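K.L.:
Okay, here's the structure, questions in a sec.
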Amino acid sequence: MLQDQFLKYLAKTTPAPLGLPIAKAAGSYLWDSSGKAYLDFVAGVSACSIGHCHPRVVEAIKTQSESYLHVMVYGEFAQQPVVDLAALLLKQLPQNHEKIYLTNSGTEAIEGALKLAKRATGRTGFVAAKNSYHGSTQGALSVTGYEPIKRAYRPLLNDIQFIPFNAEEALDKITTTTAAVILETIQGGAGFIVPTHGYLAKVKARCEAVGALLILDEIQPGFGRTGTLFGFEHFEVTPDILVMGKGMGGGVPIGAFTASKALMDCFTHAPALGHITTFGGHPLIAAAAKATLEEILESGIMDTIAKKEQLFREALNHPKIRQINGKGLMLAPIFKTPEVAQQVIHKALERGLIVFGLLWEKRAVRISPPLTISEAEILKGCKIIIDILDEL
């Protein structure tokens, strides 16, 4: 059986993975090998932004595959799908974001952003947030603010200070030795924590005062998930370096970071090849990402997000839900105990609904469905959760 082969051949990240045997996916649904349908409230952890196998994305992949696939390492050959994606995306960003570096994943983009900050400022210090998550490679892990996930892999990068998210009183930790502050615009693993009271703008002001850069990690909230193309647009702040991934590709692996021309040019000299990748900017992936971005921009889907968020909040009104964190379609119902959250996850799967946990906030259940999810599908999935809670 597929589950047995999965367990035999693939390295695992937990002792007991869900192991759902996937046969196909479309829209807001997955189907297992027995033909059972599952309504997907997770979207590949925010990655399948416009639903599974969106026709526009599939067609872009097919069309590009008939012309060429990989032809050269990133940054050497001019390729139309890559240039088209870059031009369209940069057009949506603030004027000081003039160049994009395309990578294979969000965590690789974090690595590039950290290197760029060190190279541009000549400094080595970073300030990051407690309970943050930026990825699992060693640089990204170094600025991740959760010690239990890190201690087995030390030594990591040093000269990093962690401050509480939303704590203005800690901003004096940002000094003239700080290369950059790196923050998730909305904290993911911590429980979908939203910045409050102009926090991000105050961080940016402090960075400017001491000559540090601000890196915002939009790997989860980016690409329409909060109702704007990027989450920072809600908070009156513009990062110096913007990191993205997940929903950018509509279901294919991609990451990127953007910055000014002056910053990005640091990678071209002293030394040259300051950050390199073989498959970053892959033409097939770029075609899929451009199709995804076009659909997000042209369909009006971002205009529906606030209403869908409100529908989730109203439909998930239950005494066993203490609060619902997050913004847009990046929501986290918080239960009294981690045990309740786990029961919801497993019982929902039995009933044909996919929800998932968060990294550090174990009392939470992740709700990050495709942005294309219908109101009827929202109500259907929420009823399953409510019925489970009634029975617990």
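Residues are named by chain letter and number: chains run A, B, ... in the order of the structure tokens, numbers start at 1 in each chain, and ligands are numbered from 1 in the order shown.
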May I have the residues within 9 Å of A:Thr121 as a list in words, using only C-alpha atoms and disregarding those fewer than 2 positions away in the same chain?
P.N.:
Leu116, Ala117, Lys118, Arg119, Arg123, Thr124, Thr178, Ala179, Ala180, Gly211, Ala212 and Leu213 of chain A
K.L.:
Can I get the residues of stretch 144-205 of chain A within 10 Å of stretch 223-231 of chain A, each with the closest pair of atoms and their distance in Å to one decimal, using only C-alpha atoms, sorted chain first then ascending number, as JSON lines?
P.N.:
```
{"residue": "A:Glu184", "atom": "CA", "partner": "A:Gly231", "partner_atom": "CA", "distance": 9.6}
{"residue": "A:Thr185", "atom": "CA", "partner": "A:Gly231", "partner_atom": "CA", "distance": 6.4}
{"residue": "A:Ile186", "atom": "CA", "partner": "A:Gly231", "partner_atom": "CA", "distance": 7.5}
{"residue": "A:Val194", "atom": "CA", "partner": "A:Gly231", "partner_atom": "CA", "distance": 9.8}
```
K.L.:
If you run DSSP over the backbone, which residues in stretch 304-373 of chain A end up strand (DSSP E or B)? Put them as a list in words.
P.N.:
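DSSP-assigned strand (DSSP E or B) residues in stretch 304-373 of chain A: Ile321, Arg322, Gln323, Ile324, Asn325, Gly326, Lys327, Met330, Leu331, Ala332, Pro333, Ile334, Phe335, Leu353, Ile354, Phe356, Ala364, Arg366 and Ile367 of chain A.
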K.L.:
List as JSON, numbers by chain the protein and nucleic acid residues near A:Ser132, meaning an atom at most 9 Å away when only C-alpha atoms are counted, but skip any in the same chain fewer than 6 places from it.
P.N.:
{"A": [143, 144, 145, 146, 165, 183, 184, 187, 188, 189, 190, 360]}
K.L.:
At a cut-off of 12 Å, using only C-alpha atoms, what residues contact stretch 25-33 of chain A? Leave out same-chain residues fewer than 6 positions from it and give the result as a ChimeraX atom specification.
P.N.:
/A:1-3,19,39-44,48-58,250-251,349-350,352-354,368-378,380-381
K.L.:
Can you write out the residues you just picked, keeping C-alpha atoms, as an mmCIF file, in the first residue's frame?
P.N.:
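Below you can see part35.cif, which holds the result:
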```cif
data_model
loop_
_atom_site.group_PDB
_atom_site.id
_atom_site.type_symbol
_atom_site.label_atom_id
_atom_site.label_comp_id
_atom_site.auth_asym_id
_atom_site.auth_seq_id
_atom_site.Cartn_x
_atom_site.Cartn_y
_atom_site.Cartn_z
ATOM 1 C CA MET A 1 0.000 0.000 0.000
ATOM 2 C CA LEU A 2 1.044 3.574 -0.601
ATOM 3 C CA GLN A 3 1.157 4.380 3.135
ATOM 4 C CA GLY A 19 0.108 9.525 5.891
ATOM 5 C CA LEU A 39 -12.179 19.592 2.084
ATOM 6 C CA ASP A 40 -8.832 21.318 2.487
ATOM 7 C CA PHE A 41 -8.568 24.061 5.126
ATOM 8 C CA VAL A 42 -4.743 24.019 4.980
ATOM 9 C CA ALA A 43 -3.815 24.461 1.284
ATOM 10 C CA GLY A 44 -0.429 22.816 1.642
ATOM 11 C CA CYS A 48 -1.849 26.424 -2.824
ATOM 12 C CA SER A 49 -3.081 29.993 -2.805
ATOM 13 C CA ILE A 50 -5.566 29.763 -5.681
ATOM 14 C CA GLY A 51 -6.614 26.178 -5.060
ATOM 15 C CA HIS A 52 -5.233 22.849 -6.148
ATOM 16 C CA CYS A 53 -4.320 22.464 -9.820
ATOM 17 C CA HIS A 54 -5.774 25.797 -10.863
ATOM 18 C CA PRO A 55 -6.315 25.592 -14.653
ATOM 19 C CA ARG A 56 -4.384 28.799 -15.274
ATOM 20 C CA VAL A 57 -1.342 27.451 -13.442
ATOM 21 C CA VAL A 58 -1.536 24.026 -15.061
ATOM 22 C CA GLY A 250 0.241 28.383 -6.608
ATOM 23 C CA GLY A 251 1.441 24.919 -5.625
ATOM 24 C CA LEU A 349 -9.609 14.103 8.987
ATOM 25 C CA GLU A 350 -11.861 11.121 9.662
ATOM 26 C CA GLY A 352 -13.266 14.573 5.429
ATOM 27 C CA LEU A 353 -11.815 17.893 6.574
ATOM 28 C CA ILE A 354 -8.105 18.741 6.613
ATOM 29 C CA SER A 368 -5.297 28.598 5.846
ATOM 30 C CA PRO A 369 -7.511 27.383 2.992
ATOM 31 C CA PRO A 370 -7.173 28.263 -0.679
ATOM 32 C CA LEU A 371 -8.124 31.892 -1.220
ATOM 33 C CA THR A 372 -10.649 30.581 -3.738
ATOM 34 C CA ILE A 373 -12.636 28.646 -1.135
ATOM 35 C CA SER A 374 -16.373 29.271 -1.412
ATOM 36 C CA GLU A 375 -18.633 30.486 1.371
ATOM 37 C CA ALA A 376 -20.522 27.186 1.213
ATOM 38 C CA GLU A 377 -17.255 25.273 1.693
ATOM 39 C CA ILE A 378 -16.337 27.483 4.634
ATOM 40 C CA LYS A 380 -19.369 23.037 5.554
ATOM 41 C CA GLY A 381 -15.923 22.734 7.138
#
```
K.L.:
Let me make sure I understand: among A:Gly191, A:Pro81, A:Gly255, A:Pro221, which one has the smallest atom-to-atom distance to A:Arg363 if we use only C-alpha atoms?
P.N.:
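Under the stated criterion, the closest residue is A:Gly191.
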K.L.:
Do you know which residues are at most 7 Å from stretch 71-78 of chain A counting only C-alpha atoms, after dropping those on the same chain fewer than 4 positions away, and could you put them as a list in words?
P.N.:
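The neighbour list is Ile276, Thr277, Thr278, Phe279, Gly280 and Gly281 of chain A.
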K.L.:
Those residues you just picked out, can you put them in a file as a compact mmCIF listing (two decimals), in the first residue's frame with N, CA and C atoms?
P.N.:
```txt
# COMPACT_ATOMS: atom_id res chain seq x y z
N ILE A 276 24.36 32.44 -4.86
CA ILE A 276 24.12 31.71 -6.11
C ILE A 276 23.22 30.52 -5.86
N THR A 277 22.53 30.11 -6.91
CA THR A 277 21.63 28.97 -6.87
C THR A 277 21.53 28.38 -8.26
N THR A 278 21.43 27.07 -8.34
CA THR A 278 21.28 26.43 -9.65
C THR A 278 19.87 26.58 -10.19
N PHE A 279 18.88 26.19 -9.40
CA PHE A 279 17.52 26.10 -9.91
C PHE A 279 16.63 27.29 -9.57
N GLY A 280 17.11 28.26 -8.79
CA GLY A 280 16.32 29.45 -8.55
C GLY A 280 15.99 30.15 -9.87
N GLY A 281 14.78 30.68 -9.98
CA GLY A 281 14.38 31.30 -11.25
C GLY A 281 14.13 30.29 -12.35
```
K.L.:
Could you name the residues that touch stretch 99-113 of chain A at 8 Å or less, counting only C-alpha atoms, but leaving out those on the same chain fewer than 4 positions away, as a PyMOL selection string?
P.N.:
chain A and resi 86+90+117+134-137+139-140+215+217+219+241+243-246+253-261+264+275+277+279-281
K.L.:
Create the file for the chosen residues now, containing N, CA and C atoms and written as a compact mmCIF listing (two decimals), in the first residue's frame.
P.N.:
```
# COMPACT_ATOMS: atom_id res chain seq x y z
N ALA A 86 9.21 38.69 -12.78
CA ALA A 86 9.89 39.73 -12.01
C ALA A 86 9.26 41.10 -12.26
N LEU A 90 7.40 43.16 -9.25
CA LEU A 90 8.00 44.40 -8.78
C LEU A 90 7.08 45.59 -9.01
N ALA A 117 21.93 41.55 4.12
CA ALA A 117 21.98 42.54 5.19
C ALA A 117 23.40 42.67 5.74
N HIS A 134 11.49 31.07 10.77
CA HIS A 134 11.93 31.57 9.48
C HIS A 134 12.47 30.47 8.56
N GLY A 135 12.44 29.22 9.03
CA GLY A 135 12.92 28.14 8.19
C GLY A 135 13.87 27.22 8.94
N SER A 136 14.29 26.14 8.29
CA SER A 136 15.06 25.10 8.97
C SER A 136 16.51 24.99 8.53
N THR A 137 16.94 25.75 7.53
CA THR A 137 18.37 25.77 7.22
C THR A 137 19.09 26.52 8.33
N GLY A 139 21.08 29.18 8.81
CA GLY A 139 20.93 30.61 9.02
C GLY A 139 19.52 30.97 9.44
N ALA A 140 18.54 30.43 8.74
CA ALA A 140 17.14 30.69 9.08
C ALA A 140 16.81 30.16 10.47
N ILE A 215 14.02 43.47 7.62
CA ILE A 215 13.62 42.33 6.77
C ILE A 215 12.26 41.86 7.25
N ASP A 217 9.45 38.94 6.75
CA ASP A 217 9.20 37.58 6.25
C ASP A 217 7.71 37.46 5.96
N ILE A 219 6.52 34.97 3.99
CA ILE A 219 6.39 33.66 3.36
C ILE A 219 4.99 33.10 3.53
N ILE A 241 14.07 44.79 2.94
CA ILE A 241 14.16 43.50 2.24
C ILE A 241 12.87 42.74 2.52
N VAL A 243 10.82 39.16 2.01
CA VAL A 243 11.00 37.74 1.71
C VAL A 243 9.63 37.10 1.47
N MET A 244 9.56 36.24 0.48
CA MET A 244 8.27 35.62 0.13
C MET A 244 8.49 34.17 -0.29
N GLY A 245 7.40 33.43 -0.39
CA GLY A 245 7.45 32.02 -0.79
C GLY A 245 6.06 31.44 -0.78
N LYS A 246 5.92 30.17 -0.42
CA LYS A 246 4.65 29.45 -0.28
C LYS A 246 3.63 29.80 -1.36
N PRO A 253 7.21 24.81 -5.98
CA PRO A 253 8.20 25.32 -5.02
C PRO A 253 8.92 26.56 -5.50
N ILE A 254 8.83 27.62 -4.71
CA ILE A 254 9.47 28.88 -5.08
C ILE A 254 9.64 29.74 -3.84
N GLY A 255 10.61 30.61 -3.86
CA GLY A 255 10.80 31.65 -2.87
C GLY A 255 11.46 32.82 -3.56
N ALA A 256 11.54 33.95 -2.87
CA ALA A 256 12.18 35.12 -3.45
C ALA A 256 12.41 36.16 -2.38
N PHE A 257 13.32 37.07 -2.64
CA PHE A 257 13.41 38.27 -1.82
C PHE A 257 13.66 39.46 -2.74
N THR A 258 13.15 40.61 -2.32
CA THR A 258 13.25 41.82 -3.11
C THR A 258 13.90 42.92 -2.27
N ALA A 259 14.52 43.88 -2.96
CA ALA A 259 15.17 45.01 -2.29
C ALA A 259 15.48 46.06 -3.36
N SER A 260 16.13 47.11 -2.95
CA SER A 260 16.53 48.15 -3.90
C SER A 260 17.66 47.64 -4.78
N LYS A 261 17.87 48.35 -5.89
CA LYS A 261 19.00 48.02 -6.78
C LYS A 261 20.32 48.17 -6.03
N MET A 264 20.77 45.07 -3.79
CA MET A 264 20.99 43.84 -4.55
C MET A 264 22.32 43.83 -5.29
N HIS A 275 25.64 35.45 -3.90
CA HIS A 275 24.61 34.46 -3.54
C HIS A 275 24.25 33.75 -4.83
N THR A 277 22.53 30.11 -6.91
CA THR A 277 21.63 28.97 -6.87
C THR A 277 21.53 28.38 -8.26
N PHE A 279 18.88 26.19 -9.40
CA PHE A 279 17.52 26.10 -9.91
C PHE A 279 16.63 27.29 -9.57
N GLY A 280 17.11 28.26 -8.79
CA GLY A 280 16.32 29.45 -8.55
C GLY A 280 15.99 30.15 -9.87
N GLY A 281 14.78 30.68 -9.98
CA GLY A 281 14.38 31.30 -11.25
C GLY A 281 14.13 30.29 -12.35
```
K.L.:
Which of these residues is nearest to A:Ile324, using only C-alpha atoms: A:Gln79, A:Leu89, A:Ile193, A:Ile305?
P.N.:
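Among A:Gln79, A:Leu89, A:Ile193, A:Ile305, it is A:Ile193 that comes nearest to A:Ile324.
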K.L.:
Let's see if you can do this: from backbone DSSP, list all helix (DSSP H, G or I) residues in stretch 93-293 of chain A, as a VMD selection string.
P.N.:
chain A and resid 106 to 121 138 to 142 147 to 149 151 to 153 168 to 173 199 to 210 231 to 234 246 to 249 261 to 268 283 to 293
